[in-house]
Each structure stands twice: as C-alpha cells, then as structure tokens.
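Structure file model-v8.txt (compact mmCIF, C-alpha atoms) is printed below.
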# COMPACT_ATOMS: atom_id res chain seq x y z
CA MET A 195 -190.13 48.47 -89.74
CA THR A 196 -189.01 49.00 -93.33
CA GLY A 197 -190.74 47.37 -96.25
CA SER A 198 -187.75 45.12 -96.96
CA ARG A 199 -187.69 43.87 -93.36
CA SER A 200 -191.43 43.20 -93.47
CA PHE A 201 -190.96 41.19 -96.62
CA LEU A 202 -188.10 39.31 -94.98
CA LEU A 203 -190.25 38.28 -92.01
CA LEU A 204 -192.96 37.09 -94.36
CA ALA A 205 -190.42 35.10 -96.36
CA LEU A 206 -188.99 33.53 -93.24
CA THR A 207 -192.46 32.48 -92.09
CA VAL A 208 -193.20 30.87 -95.45
CA THR A 209 -189.87 29.04 -95.62
CA ALA A 210 -189.80 27.88 -91.99
CA GLY A 211 -191.97 24.84 -92.56
CA LEU A 212 -190.15 23.90 -95.73
CA LEU A 213 -187.03 23.29 -93.68
CA ALA A 214 -188.68 21.19 -91.01
CA GLY A 215 -187.44 17.83 -92.18
CA CYS A 216 -183.78 18.68 -92.61
CA ALA A 217 -182.66 17.28 -89.27
CA ALA A 218 -183.45 13.66 -90.14
CA PRO A 219 -183.65 11.44 -93.21
CA ALA A 220 -187.37 10.84 -92.86
CA ALA A 221 -190.09 13.04 -94.30
CA ALA A 222 -190.83 16.39 -92.70
CA PRO A 223 -193.14 16.24 -89.66
CA GLU A 224 -196.62 17.27 -90.69
CA PRO A 225 -197.24 19.78 -87.86
CA ALA A 226 -194.09 21.71 -88.72
CA LEU A 227 -195.16 22.12 -92.33
CA HIS A 228 -197.70 24.63 -91.11
CA ALA A 229 -195.64 26.23 -88.35
CA ALA A 230 -195.47 30.00 -88.69
CA ALA A 231 -193.18 30.36 -85.70
CA THR A 232 -191.45 28.29 -83.05
CA PRO A 233 -193.91 25.61 -81.84
CA THR A 234 -194.89 25.74 -78.18
CA PRO A 235 -192.88 23.23 -76.10
CA PRO A 236 -195.16 20.48 -74.75
CA GLU A 237 -193.34 20.55 -71.40
CA PRO A 238 -191.98 23.15 -68.98
CA THR A 239 -188.54 24.42 -69.93
CA ALA A 240 -185.67 25.77 -67.91
CA THR A 241 -185.09 29.51 -67.80
CA PRO A 242 -183.13 30.37 -70.95
CA ALA A 243 -179.55 31.48 -70.37
CA PRO A 244 -179.25 35.27 -70.45
CA MET A 245 -178.43 36.65 -73.85
CA THR A 246 -174.69 37.19 -74.05
CA ASP A 247 -173.49 40.77 -73.99
CA LEU A 248 -171.32 40.80 -77.10
CA SER A 249 -169.25 43.68 -75.79
CA ARG A 250 -167.97 41.27 -73.13
CA THR A 251 -166.97 38.39 -75.43
CA TYR A 252 -163.29 38.68 -74.57
CA PRO A 253 -161.43 35.37 -74.87
CA GLY A 254 -160.15 34.70 -71.39
CA GLY A 255 -162.43 37.39 -69.97
CA ARG A 256 -160.08 40.30 -70.45
CA ALA A 257 -159.88 42.90 -73.20
CA MET A 258 -156.67 43.17 -75.19
CA THR A 259 -154.77 46.41 -74.72
CA ALA A 260 -153.86 48.54 -77.69
CA GLN A 261 -150.16 48.37 -76.79
CA VAL A 262 -149.87 44.63 -77.43
CA LEU A 263 -151.87 44.34 -80.65
CA ASP A 264 -150.14 43.60 -83.93
CA LYS A 265 -152.74 44.87 -86.36
CA SER A 266 -150.47 44.37 -89.35
CA VAL A 267 -151.34 40.66 -89.70
CA PRO A 268 -154.28 40.47 -92.14
CA LEU A 269 -157.54 38.96 -90.94
CA ILE A 270 -159.46 37.03 -93.60
CA LEU A 271 -163.21 36.51 -93.00
CA VAL A 272 -164.36 33.17 -94.44
CA HIS A 273 -168.11 32.74 -94.89
CA GLY A 274 -170.09 29.57 -94.46
CA LEU A 275 -172.81 27.67 -96.26
CA GLY A 276 -174.89 29.80 -98.59
CA GLY A 277 -172.61 32.80 -98.05
CA PHE A 278 -171.98 35.52 -100.57
CA GLY A 279 -169.46 38.19 -101.46
CA ARG A 280 -169.53 41.88 -100.76
CA ASP A 281 -170.87 42.69 -104.24
CA GLU A 282 -173.71 40.13 -104.24
CA GLY A 283 -176.07 41.24 -101.47
CA LEU A 284 -177.22 44.63 -102.80
CA GLY A 285 -176.02 46.27 -99.57
CA LEU A 286 -176.61 43.32 -97.24
CA ARG A 287 -173.32 42.02 -95.86
CA TYR A 288 -172.78 38.41 -94.86
CA TRP A 289 -170.61 39.83 -92.08
CA GLY A 290 -172.85 42.38 -90.38
CA GLY A 291 -176.10 42.41 -92.30
CA LEU A 292 -177.11 46.03 -92.76
CA LEU A 293 -173.91 46.97 -90.96
CA ASP A 294 -170.42 46.13 -92.18
CA VAL A 295 -168.02 44.18 -90.00
CA GLN A 296 -165.14 44.43 -92.45
CA GLU A 297 -165.25 48.22 -92.64
CA ASP A 298 -165.81 48.56 -88.90
CA LEU A 299 -162.67 46.54 -88.20
CA ARG A 300 -160.72 48.51 -90.77
CA ALA A 301 -161.77 51.68 -88.96
CA GLN A 302 -160.18 50.16 -85.83
CA GLY A 303 -156.88 49.83 -87.68
CA TYR A 304 -157.01 46.14 -88.67
CA ARG A 305 -156.19 44.83 -92.14
CA VAL A 306 -159.36 42.88 -93.00
CA PHE A 307 -160.50 41.16 -96.17
CA THR A 308 -163.70 39.25 -96.97
CA ALA A 309 -163.44 36.07 -99.03
CA SER A 310 -166.16 35.01 -101.47
CA LEU A 311 -166.24 31.25 -101.99
CA GLY A 312 -168.52 28.66 -103.54
CA PRO A 313 -171.53 28.67 -101.18
CA VAL A 314 -172.30 24.96 -101.67
CA SER A 315 -168.88 23.76 -102.85
CA SER A 316 -166.70 21.27 -100.99
CA ASN A 317 -164.12 22.42 -98.49
CA TRP A 318 -161.38 21.35 -100.91
CA ASP A 319 -162.70 23.54 -103.72
CA ARG A 320 -163.35 26.42 -101.32
CA ALA A 321 -159.83 26.15 -99.89
CA ALA A 322 -158.37 26.33 -103.39
CA GLU A 323 -160.45 29.45 -104.06
CA LEU A 324 -159.44 30.98 -100.73
CA TYR A 325 -155.77 30.41 -101.51
CA ALA A 326 -156.08 32.17 -104.88
CA GLN A 327 -157.98 35.09 -103.35
CA ILE A 328 -155.38 35.68 -100.65
CA LYS A 329 -152.20 35.06 -102.64
CA GLY A 330 -153.43 36.17 -106.05
CA GLY A 331 -153.67 34.27 -109.33
CA CYS A 332 -156.17 31.88 -110.86
CA VAL A 333 -157.79 29.07 -108.93
CA ASP A 334 -156.46 25.56 -109.50
CA TYR A 335 -158.44 22.70 -107.98
CA GLY A 336 -155.71 20.16 -108.77
CA ALA A 337 -155.64 17.91 -111.82
CA ALA A 338 -156.16 14.65 -109.92
CA HIS A 339 -158.95 16.09 -107.77
CA ALA A 340 -160.76 17.53 -110.78
CA ALA A 341 -160.49 14.24 -112.68
CA GLN A 342 -161.71 12.24 -109.69
CA HIS A 343 -164.86 14.31 -109.31
CA GLY A 344 -165.56 15.11 -112.95
CA HIS A 345 -165.23 18.88 -113.04
CA ALA A 346 -162.80 21.32 -114.61
CA ARG A 347 -159.41 21.93 -113.04
CA THR A 348 -159.74 25.71 -113.36
CA ASP A 349 -162.39 28.40 -113.72
CA SER A 350 -161.51 31.41 -115.85
CA ALA A 351 -163.87 33.58 -113.80
CA LYS A 352 -161.82 32.99 -110.63
CA CYS A 353 -158.61 34.93 -111.12
CA TYR A 354 -157.68 37.46 -108.44
CA PRO A 355 -155.14 40.25 -107.78
CA GLY A 356 -154.66 38.90 -104.25
CA PHE A 357 -155.62 40.34 -100.87
CA TYR A 358 -152.04 39.90 -99.69
CA PRO A 359 -149.61 38.87 -102.48
CA GLN A 360 -146.61 38.88 -100.11
CA TRP A 361 -148.24 36.13 -98.04
CA ASP A 362 -145.71 33.60 -96.73
CA ALA A 363 -144.39 32.30 -93.40
CA ALA A 364 -142.77 35.66 -92.66
CA HIS A 365 -146.00 37.45 -93.56
CA PRO A 366 -148.79 35.23 -92.13
CA VAL A 367 -152.53 35.77 -91.96
CA ASN A 368 -155.30 34.95 -89.50
CA LEU A 369 -158.43 33.14 -90.68
CA LEU A 370 -161.83 33.62 -89.02
CA GLY A 371 -164.47 31.26 -90.35
CA HIS A 372 -168.17 31.15 -89.62
CA SER A 373 -169.98 27.82 -89.99
CA MET A 374 -168.50 25.88 -92.91
CA GLY A 375 -165.92 28.63 -93.19
CA GLY A 376 -164.17 27.11 -90.18
CA GLN A 377 -163.83 23.76 -91.96
CA THR A 378 -162.57 25.54 -95.08
CA ALA A 379 -159.93 27.43 -93.11
CA ARG A 380 -158.66 24.20 -91.56
CA THR A 381 -158.55 22.54 -95.00
CA LEU A 382 -156.45 25.39 -96.36
CA VAL A 383 -153.98 25.05 -93.47
CA LYS A 384 -153.59 21.31 -94.18
CA LEU A 385 -152.87 21.92 -97.86
CA LEU A 386 -150.44 24.72 -97.08
CA ASP A 387 -148.54 22.56 -94.60
CA ASP A 388 -148.53 19.20 -96.35
CA GLY A 389 -149.86 19.66 -99.86
CA HIS A 390 -151.39 16.63 -101.54
CA PRO A 391 -149.14 14.11 -103.32
CA ALA A 392 -151.68 13.12 -105.96
CA ASN A 393 -152.11 16.76 -106.95
CA ALA A 394 -148.54 17.97 -106.36
CA GLY A 395 -147.96 18.17 -110.10
CA SER A 396 -150.50 20.98 -110.19
CA GLY A 397 -148.02 23.08 -108.24
CA ALA A 398 -148.69 26.01 -105.92
CA LEU A 399 -151.00 25.02 -103.08
CA PHE A 400 -150.65 21.26 -103.51
CA THR A 401 -146.86 21.03 -103.11
CA GLY A 402 -147.02 21.83 -99.39
CA GLY A 403 -144.06 23.26 -97.51
CA ARG A 404 -145.97 26.35 -96.43
CA ALA A 405 -146.24 25.75 -92.70
CA GLY A 406 -146.64 28.94 -90.70
CA TRP A 407 -148.50 30.84 -93.39
CA VAL A 408 -151.58 30.87 -91.15
CA ARG A 409 -150.90 32.09 -87.62
CA SER A 410 -154.35 31.30 -86.20
CA VAL A 411 -157.69 29.78 -87.21
CA MET A 412 -160.78 30.88 -85.31
CA THR A 413 -164.03 29.01 -85.93
CA VAL A 414 -167.42 30.48 -85.01
CA SER A 415 -170.49 28.19 -84.97
CA SER A 416 -168.56 25.74 -87.14
CA PRO A 417 -169.66 22.12 -87.63
CA ASN A 418 -166.14 20.81 -87.00
CA SER A 419 -167.64 17.37 -86.43
CA GLY A 420 -170.57 17.89 -88.80
CA SER A 421 -174.27 18.37 -88.15
CA PRO A 422 -177.22 15.96 -88.34
CA ALA A 423 -178.98 18.74 -90.28
CA ALA A 424 -176.87 17.73 -93.28
CA ASP A 425 -177.01 13.96 -92.78
CA THR A 426 -178.59 13.19 -96.14
CA LEU A 427 -179.03 14.88 -99.49
CA GLN A 428 -182.79 14.47 -99.17
CA ALA A 429 -182.62 16.60 -96.05
CA ALA A 430 -179.70 18.90 -96.84
CA VAL A 431 -180.59 20.16 -100.31
CA PRO A 432 -183.97 21.67 -99.30
CA MET A 433 -182.24 23.28 -96.31
CA PHE A 434 -179.56 24.83 -98.55
CA LYS A 435 -182.11 26.08 -101.07
CA ASN A 436 -184.39 27.72 -98.54
CA LEU A 437 -181.57 29.28 -96.53
CA ILE A 438 -180.35 30.94 -99.70
CA LEU A 439 -183.88 32.00 -100.62
CA ALA A 440 -184.14 33.69 -97.23
CA PHE A 441 -181.01 35.71 -98.04
CA ALA A 442 -182.49 36.53 -101.45
CA ALA A 443 -185.77 37.68 -99.92
CA SER A 444 -183.95 39.95 -97.49
CA VAL A 445 -182.38 42.03 -100.25
CA GLY A 446 -184.74 41.51 -103.16
CA ALA A 447 -187.71 43.40 -101.71
CA ALA A 448 -190.78 42.32 -103.68
CA ASP A 449 -188.73 40.55 -106.34
CA PRO A 450 -186.03 38.22 -104.99
CA GLU A 451 -185.47 37.11 -108.59
CA ASN A 452 -183.16 40.12 -108.80
CA PHE A 453 -180.81 38.68 -106.15
CA VAL A 454 -177.28 39.29 -107.44
CA TYR A 455 -175.95 35.89 -106.42
CA ASN A 456 -173.65 33.31 -107.92
CA PHE A 457 -173.14 29.74 -106.73
CA ASP A 458 -169.57 29.99 -108.08
CA LEU A 459 -169.80 26.54 -109.65
CA GLY A 460 -168.11 27.41 -112.92
CA GLN A 461 -165.87 24.36 -112.52
CA TRP A 462 -169.05 22.29 -112.88
CA GLY A 463 -170.28 24.30 -115.90
CA LEU A 464 -172.97 25.98 -113.80
CA SER A 465 -172.39 29.69 -114.25
CA ARG A 466 -175.41 31.98 -114.12
CA ALA A 467 -176.44 33.13 -117.58
CA PRO A 468 -176.96 36.86 -118.27
CA GLY A 469 -180.51 37.78 -117.32
CA GLU A 470 -181.27 34.35 -115.87
CA ARG A 471 -183.93 34.43 -113.17
CA PHE A 472 -182.60 33.51 -109.74
CA SER A 473 -185.15 30.73 -109.21
CA THR A 474 -184.30 29.20 -112.60
CA TYR A 475 -180.60 29.35 -111.86
CA GLN A 476 -181.00 27.88 -108.37
CA ASN A 477 -183.18 25.03 -109.60
CA ARG A 478 -180.63 24.24 -112.31
CA VAL A 479 -177.86 24.08 -109.72
CA PHE A 480 -179.73 21.85 -107.31
CA ALA A 481 -180.84 19.48 -110.07
CA SER A 482 -177.29 19.10 -111.36
CA ARG A 483 -174.80 16.22 -111.09
CA VAL A 484 -172.94 18.09 -108.35
CA TRP A 485 -175.17 16.37 -105.82
CA THR A 486 -174.26 12.85 -106.97
CA SER A 487 -170.67 13.66 -105.99
CA ARG A 488 -169.06 13.94 -102.58
CA ASP A 489 -167.27 17.06 -103.78
CA GLN A 490 -169.91 19.40 -102.33
CA ALA A 491 -171.08 20.89 -99.05
CA ALA A 492 -173.78 18.36 -98.12
CA TRP A 493 -171.19 15.61 -97.70
CA ASP A 494 -168.61 17.72 -95.87
CA LEU A 495 -171.17 19.12 -93.43
CA GLY A 496 -172.70 15.81 -92.39
CA PRO A 497 -171.04 13.94 -89.49
CA ASP A 498 -169.83 11.12 -91.75
CA GLY A 499 -168.24 13.49 -94.24
CA ALA A 500 -166.82 15.63 -91.46
CA ALA A 501 -165.29 12.54 -89.82
CA GLU A 502 -163.63 11.61 -93.11
CA LEU A 503 -162.35 15.17 -93.51
CA ASN A 504 -161.03 15.28 -89.93
CA ARG A 505 -159.08 12.04 -90.32
CA TRP A 506 -157.17 13.70 -93.16
CA LEU A 507 -156.84 17.22 -91.77
CA GLY A 508 -155.35 16.49 -88.37
CA ARG A 509 -153.87 19.61 -86.81
CA SER A 510 -151.00 21.85 -87.85
CA ARG A 511 -148.00 22.15 -85.53
CA THR A 512 -147.54 25.81 -86.46
CA THR A 513 -151.11 27.16 -86.31
CA ARG A 514 -153.25 27.96 -83.27
CA TYR A 515 -156.91 26.88 -83.25
CA PHE A 516 -159.73 28.68 -81.43
CA SER A 517 -163.49 28.08 -81.36
CA TRP A 518 -166.70 29.78 -80.27
CA GLU A 519 -170.05 28.08 -79.72
CA THR A 520 -173.46 29.64 -80.27
CA ASN A 521 -176.62 28.40 -78.55
CA ALA A 522 -180.27 29.33 -78.96
CA THR A 523 -182.03 26.45 -77.22
CA THR A 524 -183.28 25.65 -73.71
CA PRO A 525 -183.76 22.16 -72.18
CA GLY A 526 -187.15 20.80 -71.17
CA LEU A 527 -187.43 20.00 -67.46
CA LEU A 528 -188.94 16.56 -68.05
CA THR A 529 -187.18 15.11 -71.08
CA GLY A 530 -184.08 17.27 -71.33
CA TRP A 531 -184.89 17.83 -75.00
CA HIS A 532 -183.66 21.20 -76.25
CA TYR A 533 -186.31 23.61 -77.52
CA PRO A 534 -185.61 26.68 -79.69
CA ASN A 535 -185.68 29.98 -77.84
CA LEU A 536 -188.43 32.35 -78.95
CA THR A 537 -185.79 34.58 -80.51
CA MET A 538 -184.53 31.86 -82.86
CA ASN A 539 -185.03 32.59 -86.53
CA PRO A 540 -188.13 30.63 -87.66
CA VAL A 541 -186.20 29.26 -90.65
CA LEU A 542 -183.99 27.51 -88.10
CA SER A 543 -186.47 26.74 -85.34
CA ALA A 544 -188.26 24.17 -87.50
CA VAL A 545 -184.93 22.36 -87.83
CA ALA A 546 -184.07 22.62 -84.14
CA PHE A 547 -187.43 21.67 -82.60
CA PRO A 548 -187.41 18.23 -80.85
CA TYR A 549 -190.40 16.48 -82.43
CA ALA A 550 -191.93 13.64 -80.41
CA PRO A 551 -192.31 10.12 -81.88
CA PRO A 552 -193.64 8.93 -84.24
CA LEU A 553 -192.37 12.08 -85.99
CA SER A 554 -188.72 12.28 -86.98
CA PRO A 555 -186.62 14.02 -84.31
CA GLY A 556 -185.19 17.48 -84.75
CA LEU A 557 -181.75 18.62 -83.63
CA GLY A 558 -183.09 19.12 -80.11
CA ASN A 559 -183.64 15.39 -79.53
CA ILE A 560 -181.60 13.72 -82.26
CA GLY A 561 -180.81 10.06 -81.60
CA GLY A 562 -179.45 6.96 -83.27
CA ARG A 563 -176.47 7.02 -85.59
CA SER A 564 -175.37 9.01 -88.60
CA PRO A 565 -176.13 7.26 -91.92
CA GLY A 566 -172.54 6.05 -92.30
CA GLY A 567 -172.20 5.11 -88.64
CA ALA A 568 -169.37 7.53 -87.85
CA VAL A 569 -171.29 9.20 -85.01
CA THR A 570 -173.72 8.00 -82.35
CA TYR A 571 -176.04 10.76 -81.20
CA ASP A 572 -176.86 11.15 -77.52
CA ARG A 573 -178.16 13.99 -75.36
CA SER A 574 -174.82 15.79 -75.58
CA TRP A 575 -175.77 16.65 -79.19
CA TRP A 576 -179.08 18.33 -78.29
CA ALA A 577 -178.03 21.91 -77.45
CA ASN A 578 -177.77 23.74 -80.77
CA ASP A 579 -178.02 27.05 -82.60
CA GLY A 580 -180.62 25.97 -85.15
CA ILE A 581 -178.23 24.25 -87.57
CA VAL A 582 -175.20 23.00 -85.63
CA PRO A 583 -175.05 21.18 -82.26
CA GLY A 584 -172.79 22.88 -79.74
CA LYS A 585 -170.87 19.62 -79.33
CA SER A 586 -169.67 19.96 -82.91
CA MET A 587 -168.50 23.56 -82.67
CA ASN A 588 -165.24 22.94 -80.87
CA ALA A 589 -162.34 20.63 -81.68
CA PRO A 590 -163.26 17.62 -83.84
CA LEU A 591 -164.40 14.61 -81.84
CA ASN A 592 -161.09 12.82 -82.47
CA GLU A 593 -159.01 15.69 -81.08
CA SER A 594 -158.44 17.23 -77.67
CA SER A 595 -159.03 20.84 -76.64
CA VAL A 596 -158.74 23.06 -73.58
CA ALA A 597 -160.92 25.86 -72.26
CA TYR A 598 -159.05 29.13 -72.68
CA SER A 599 -158.82 31.11 -69.46
CA GLY A 600 -156.26 33.74 -70.39
CA GLY A 601 -152.55 33.89 -70.94
CA ALA A 602 -150.30 32.76 -73.76
CA THR A 603 -151.37 30.20 -76.35
CA LEU A 604 -149.29 27.66 -78.24
CA PRO A 605 -149.30 26.57 -81.88
CA GLY A 606 -150.76 23.13 -82.50
CA LEU A 607 -153.32 23.36 -79.70
CA TRP A 608 -157.09 23.91 -79.79
CA TYR A 609 -158.65 26.39 -77.35
CA ARG A 610 -162.36 26.67 -76.57
CA LEU A 611 -163.16 30.37 -76.14
CA GLY A 612 -166.73 30.10 -74.82
CA ARG A 613 -170.39 30.10 -75.79
CA VAL A 614 -172.55 32.93 -77.04
CA ASP A 615 -176.04 32.37 -75.61
CA GLY A 616 -179.22 33.66 -77.23
CA TYR A 617 -177.66 33.87 -80.69
CA ASP A 618 -178.63 31.39 -83.37
CA HIS A 619 -176.49 30.26 -86.29
CA ILE A 620 -177.26 33.31 -88.42
CA ASP A 621 -177.58 35.88 -85.60
CA ILE A 622 -173.85 35.78 -84.88
CA THR A 623 -173.12 37.12 -88.36
CA GLY A 624 -175.61 39.97 -87.97
CA ASN A 625 -177.45 38.69 -91.01
CA LEU A 626 -181.26 38.41 -91.33
CA SER A 627 -181.77 39.23 -87.63
CA PHE A 628 -180.06 42.61 -88.06
CA ARG A 629 -178.34 42.33 -84.70
CA ASP A 630 -175.30 44.50 -84.11
CA VAL A 631 -172.39 42.09 -83.84
CA LYS A 632 -169.56 44.56 -84.32
CA ALA A 633 -168.43 44.29 -80.68
CA PHE A 634 -168.00 40.52 -80.98
CA TYR A 635 -165.75 40.76 -84.02
CA ARG A 636 -163.78 43.66 -82.57
CA ASN A 637 -162.99 41.48 -79.57
CA GLN A 638 -161.94 38.53 -81.71
CA ALA A 639 -159.80 40.68 -84.01
CA ALA A 640 -158.02 42.08 -80.97
CA PHE A 641 -157.45 38.62 -79.53
CA LEU A 642 -156.02 37.27 -82.77
CA ALA A 643 -153.79 40.32 -83.14
CA ASN A 644 -152.29 39.41 -79.77
CA GLN A 645 -151.28 35.86 -80.77
CA ASN A 646 -147.60 36.27 -81.63

The structure in this file should be written as structure tokens.
Amino acid sequence: MTGSRSFLLLALTVTAGLLAGCAAPAAAPEPALHAAATPTPPEPTATPAPMTDLSRTYPGGRAMTAQVLDKSVPLILVHGLGGFGRDEGLGLRYWGGLLDVQEDLRAQGYRVFTASLGPVSSNWDRAAELYAQIKGGCVDYGAAHAAQHGHARTDSAKCYPGFYPQWDAAHPVNLLGHSMGGQTARTLVKLLDDGHPANAGSGALFTGGRAGWVRSVMTVSSPNSGSPAADTLQAAVPMFKNLILAFAASVGAADPENFVYNFDLGQWGLSRAPGERFSTYQNRVFASRVWTSRDQAAWDLGPDGAAELNRWLGRSRTTRYFSWETNATTPGLLTGWHYPNLTMNPVLSAVAFPYAPPLSPGLGNIGGRSPGGAVTYDRSWWANDGIVPGKSMNAPLNESSVAYSGGATLPGLWYRLGRVDGYDHIDITGNLSFRDVKAFYRNQAAFLANQN
C-alpha cells in the first residue's frame, strides 16, 4: 500500500465518527463518535448480495454492438456533491479515482467531457454553470434568481470556450450524473425546454425553446427524491465538510492543506484567496450566509427540497430518463434494519448504521417524517449506499417508471436499469476506494450511444 493510500485510510477512520449524526436532526450517537470501522450488527444479518460484476452491467442484460452505436453524440459527466474538476485533484479523478473514466471512454471512440460545477451550490446554479460549460460563454444565473437569493448574477471566473459550441436540437448531448449530478442534469433539461419566465430577460438558458438538446439523462446513485442524510443543515454541513476533507486527504498526502480545490462560490463572494490554507477557506465557506439560503445543496438534497424541485421539474417530452441504484447494506434477520456491508467506506458506514433507540436512527432504520413533512419514512427507505436510500435513486416519488428489460426506449419515460450491489455511494465513481469502474461506464456509454 502506498503512503498516500495509508494516509487516506487513516483520514477516513478519523472522519468516520464525525459524520455519524448526519442521518438525523438529533446529536450524533455517542458510540459512533468513537467508531473506527463499521460497528458490529447486534443481530444476525442475511447473506449480503454478491458484489455486482461491473463488466456485466448492461442495461437490459445485453451488450450493445459496435454497429449500432452513434458515438458522435457527446457524453457529459456531471459530478455530485463535493465533486471537483479534472485540474483540482492532483491526479485523483472524480470519475475513476487513480484511473480516468473520461480518457478510457475517449479511447473507446466516445466524445466525453467532464463538467466542473459548484460542489455545494444549488441545482439551479449548477445547471447554469453546466449550460455555459457545454455551450460556451460566461455563466448567467438569471437576474431575478440572483436578486432573490442575494448573490451576483455572474462570476467573471466562469467563462468557457464550450465543450460543444454547436449544441442544439440537431446536435444533442447525453448527460450522465452521479449523485446530485443527476438532479442537476434534470434541472438543466427543464430550463432548456421551458426556460423560466421571471428570468427570461436574462436571455440564453432562461428563454426556453430548447427541447431536444438533451437526448438522454442517466442518473447513478442520485437522490432524485432526496436523502434523510441531508434533512437539516445541522446534519448536512458536517457531512459535506468531512466528505470533502476525505477527498483532500486522499491527494494531499501528509498535508491536505495543499488540496487544489475551489468551492466555485464566486457568485457569493467566496473565492479562494491566493495562498489561502484549505482549512481556512473551507471554514470560511461553511460559516458564510450561503447556508441561510435555500440556494445551496443542503436544501436541494433533503427530501423536502427535492420534493419542491420535483414539482417544478416534471419530465421532458423529448428526453429519455434512466437510473441506476447502488446498495451496500444487508438487512437484519430480526428487525429488517439495514446494516452497512463490511466493504462500505467508514466515512459512510457511520451514516448508514441503524442505531437503536434512544439513539437517533441512521439511514438503515430511518423513521418518522422529513422536517417539512414532504416524506414519511418507512422500511422501504432502509436499503442504502451510505448516503442515499435506494428508494430515492429512481424516478421521483411523484412520477412513474418502468424496469428496463431490453428493446427500444421512448422519450418522456423513466427506465430503471438495475442495482449495483456491494458498491457504496463513492465506490461507483472509483474514488477513495480505488475500485476499477471503467467497465460500468463503458457499458453505460454504449447504451446511451444506442438511444436514437
């Protein structure tokens, strides 16, 4: 094991307990504050599902043939919460970890680009940034939106040449989003299709009339109906901070202060100063007024915020929707509570573990209602990947979906592609766990290239 990986494991052990309380509004359970690894389940558990062979993750169970693939349609990879761009990880890729999913897919003949969006920004702000990165030009968050939330309408640091300047209905793209990236992709489709009347005067994205610009959206481990792990700011902010610190530790060796990372919050006046220590910068961000607004990730990722977002987003009539679940838990034979598998990242296992009363529950036995009452939690929410319940990873709760079993797909419909067992929320990106996920993304790129 290399020195950097040893340091990473140490960092994950230290941060695991700090995340223990993120699944509920109450204080962190005392036992988990000292947990160095996944706690031992207090009851017998079922045999964990076999770890999915990623080389066999073909939607519909059958590999696409080279003859039918249209590799000319660009595939845009949209990262999730805490994500970072290709130039920020000092060699660690959000998509692939020590490997490189983008370059692997390019070697297969696909046109692939990696977006870099605000890691804790709202889906609206991230969608505006994604639009500018694909089409080219400077980001515009919309005058009315910026005034409503009290930040700048533009950010001079976010001007781009464009991944695909010819982008239009005749030259569409596919969007593949991990985690929050799936919500962001869906938000972009809504704005392209319908715009936003209050911001239409800002032009470009907000005027609508761009239906068909996105051929397909694929979501992987996405909280399409939110996650109890982000129910409250008291819970969510420590989770965000420590997840990002884990990324920093993985590339910063003995000094994660050198992490080349930007929260991309220039619209809030929160750019990183030259030479500013990472911990100083992060603390400044998380102590800022961003978190008194709903224009940030904590609101969008909670079930109440996600429900509000879903009521607005609806579903495009010209775009196909696909989803993958990830699962890294196993039910107890007595209670049915879901316990983290031993392979789950310890940063996540403290969130997922189903703590018994009087301690606050974890994701594995969450109950009650979301703070705003939009969602009632029952046992169907217990299976999870350490951050997101499987129930939330498919179509939003207010929409229908079908299990994909092969054959042609239709725009305007949502297809469930399956579940990847034994992979937690971060594993499926290849990050931190250093798993080789290239086969999974090759299969999904091929599938999307076949959706004509």

Checklist line | Which of A:Val295, A:Ala481, A:Val431, A:Ala491 sits closest to Gly274 in chain A [using only C-alpha atoms] | finding: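 Closest to Gly274 in chain A of all the choices is A:Ala491.
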
Margin query: Taking 3 positions as the minimum chain separation for residues in the same chain, which residues sit within 9 Å of range 331-342 of chain A when counting all atoms listed in the file? Answer as a VMD selection string.
Written below: chain A and resid 318 to 319 321 to 328 345 to 356 392 to 400 461

Note to self: I need every residue sitting at most 10 Å from the point (-174.8, 12.4, -88.0) (coordinates as in the file, only C-alpha atoms considered), written as a count of residues only.
What the structure shows: 30

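Nearest to Gln296 in chain A of all the residues A:Ala429, A:Val414, A:Leu248, A:Val272 is A:Val272, counting all atoms listed in the file.
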
Next item on the list: Could you check how far CA of Arg409 in chain A sits from CA of Val383 in chain A, in Å to one decimal?
Entry: 9.7 Å

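Pairwise distance (CA of Thr239 in chain A, CA of Ala544 in chain A) equals 17.6 Å.
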
Check: By how many Å are CA of Gly255 in chain A and CA of Gly600 in chain A apart?
Finding: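 Interatomic distance here is 7.2 Å.
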
List as a tab-separated table every residue of range 600-622 of chain A that is in contact with range 514-520 of chain A, defined as an atom at most 7 Å from one of its atoms (using all atoms listed in the file), together with the nearest atom pair and the distance in Å rounded to one decimal, sorted by chain and then rising number.
residue	atom	partner	partner_atom	distance
A:Leu604	CA	A:Arg514	CA	6.4
A:Pro605	CA	A:Arg514	CA	4.4
A:Gly606	CA	A:Arg514	CA	5.5
A:Leu607	CA	A:Arg514	CA	5.8
A:Trp608	CA	A:Tyr515	CA	4.6
A:Tyr609	CA	A:Phe516	CA	4.8
A:Arg610	CA	A:Ser517	CA	5.1
A:Leu611	CA	A:Trp518	CA	5.5
A:Gly612	CA	A:Trp518	CA	5.5
A:Arg613	CA	A:Glu519	CA	4.4
A:Val614	CA	A:Thr520	CA	4.7
A:Asp615	CA	A:Thr520	CA	6.0
A:Tyr617	CA	A:Thr520	CA	6.0
A:Asp618	CA	A:Thr520	CA	6.3
A:His619	CA	A:Thr520	CA	6.8

Note to self: Taking (-172.8, 22.1, -74.1) in the coordinates of the supplied file, I want to know which residues reach to within 10 Å of it, counting all atoms listed in the file; could you give the answer as a list in words?
What the structure shows: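 Taken together, the residues in range are Glu519, Thr520, Asn521, Arg573, Ser574, Trp575, Trp576, Ala577, Asn578, Pro583, Gly584, Lys585, Ser586, Met587 and Arg613 of chain A.
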
Item checked: Option closest in space to Ala240 in chain A, from A:Ser599, A:Ser315, A:Thr523, A:Asn559 [counting only C-alpha atoms] -> A:Thr523

Margin query: With distances taken over all atoms listed in the file, which residue among A:Lys384, A:Arg629, A:His372, A:Arg636 lies nearest Ala309 in chain A?
Written below: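 Using all atoms listed in the file, the shortest distance to Ala309 in chain A belongs to A:His372.
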
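Take the candidates A:Pro268, A:Pro468, A:Pro391, A:Gly285 and check each one against Pro359 in chain A using all atoms listed in the file; the shortest distance goes to A:Pro268.
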
Next item on the list: Rank A:Phe434, A:Trp462, A:Tyr598, A:Phe457 by their smallest atom-to-atom distance to His343 in chain A, using all atoms listed in the file, and report the top residue only.
Entry: A:Trp462

Could the centre and edge lengths of an axis-aligned box, enclosing all atoms of range 457-463 of chain A in the file with 8 Å extra on each side, be given in Å to one decimal as JSON?
{"center_x": -169.5, "center_y": 26.1, "center_z": -111.3, "size_x": 23.3, "size_y": 23.7, "size_z": 25.2}
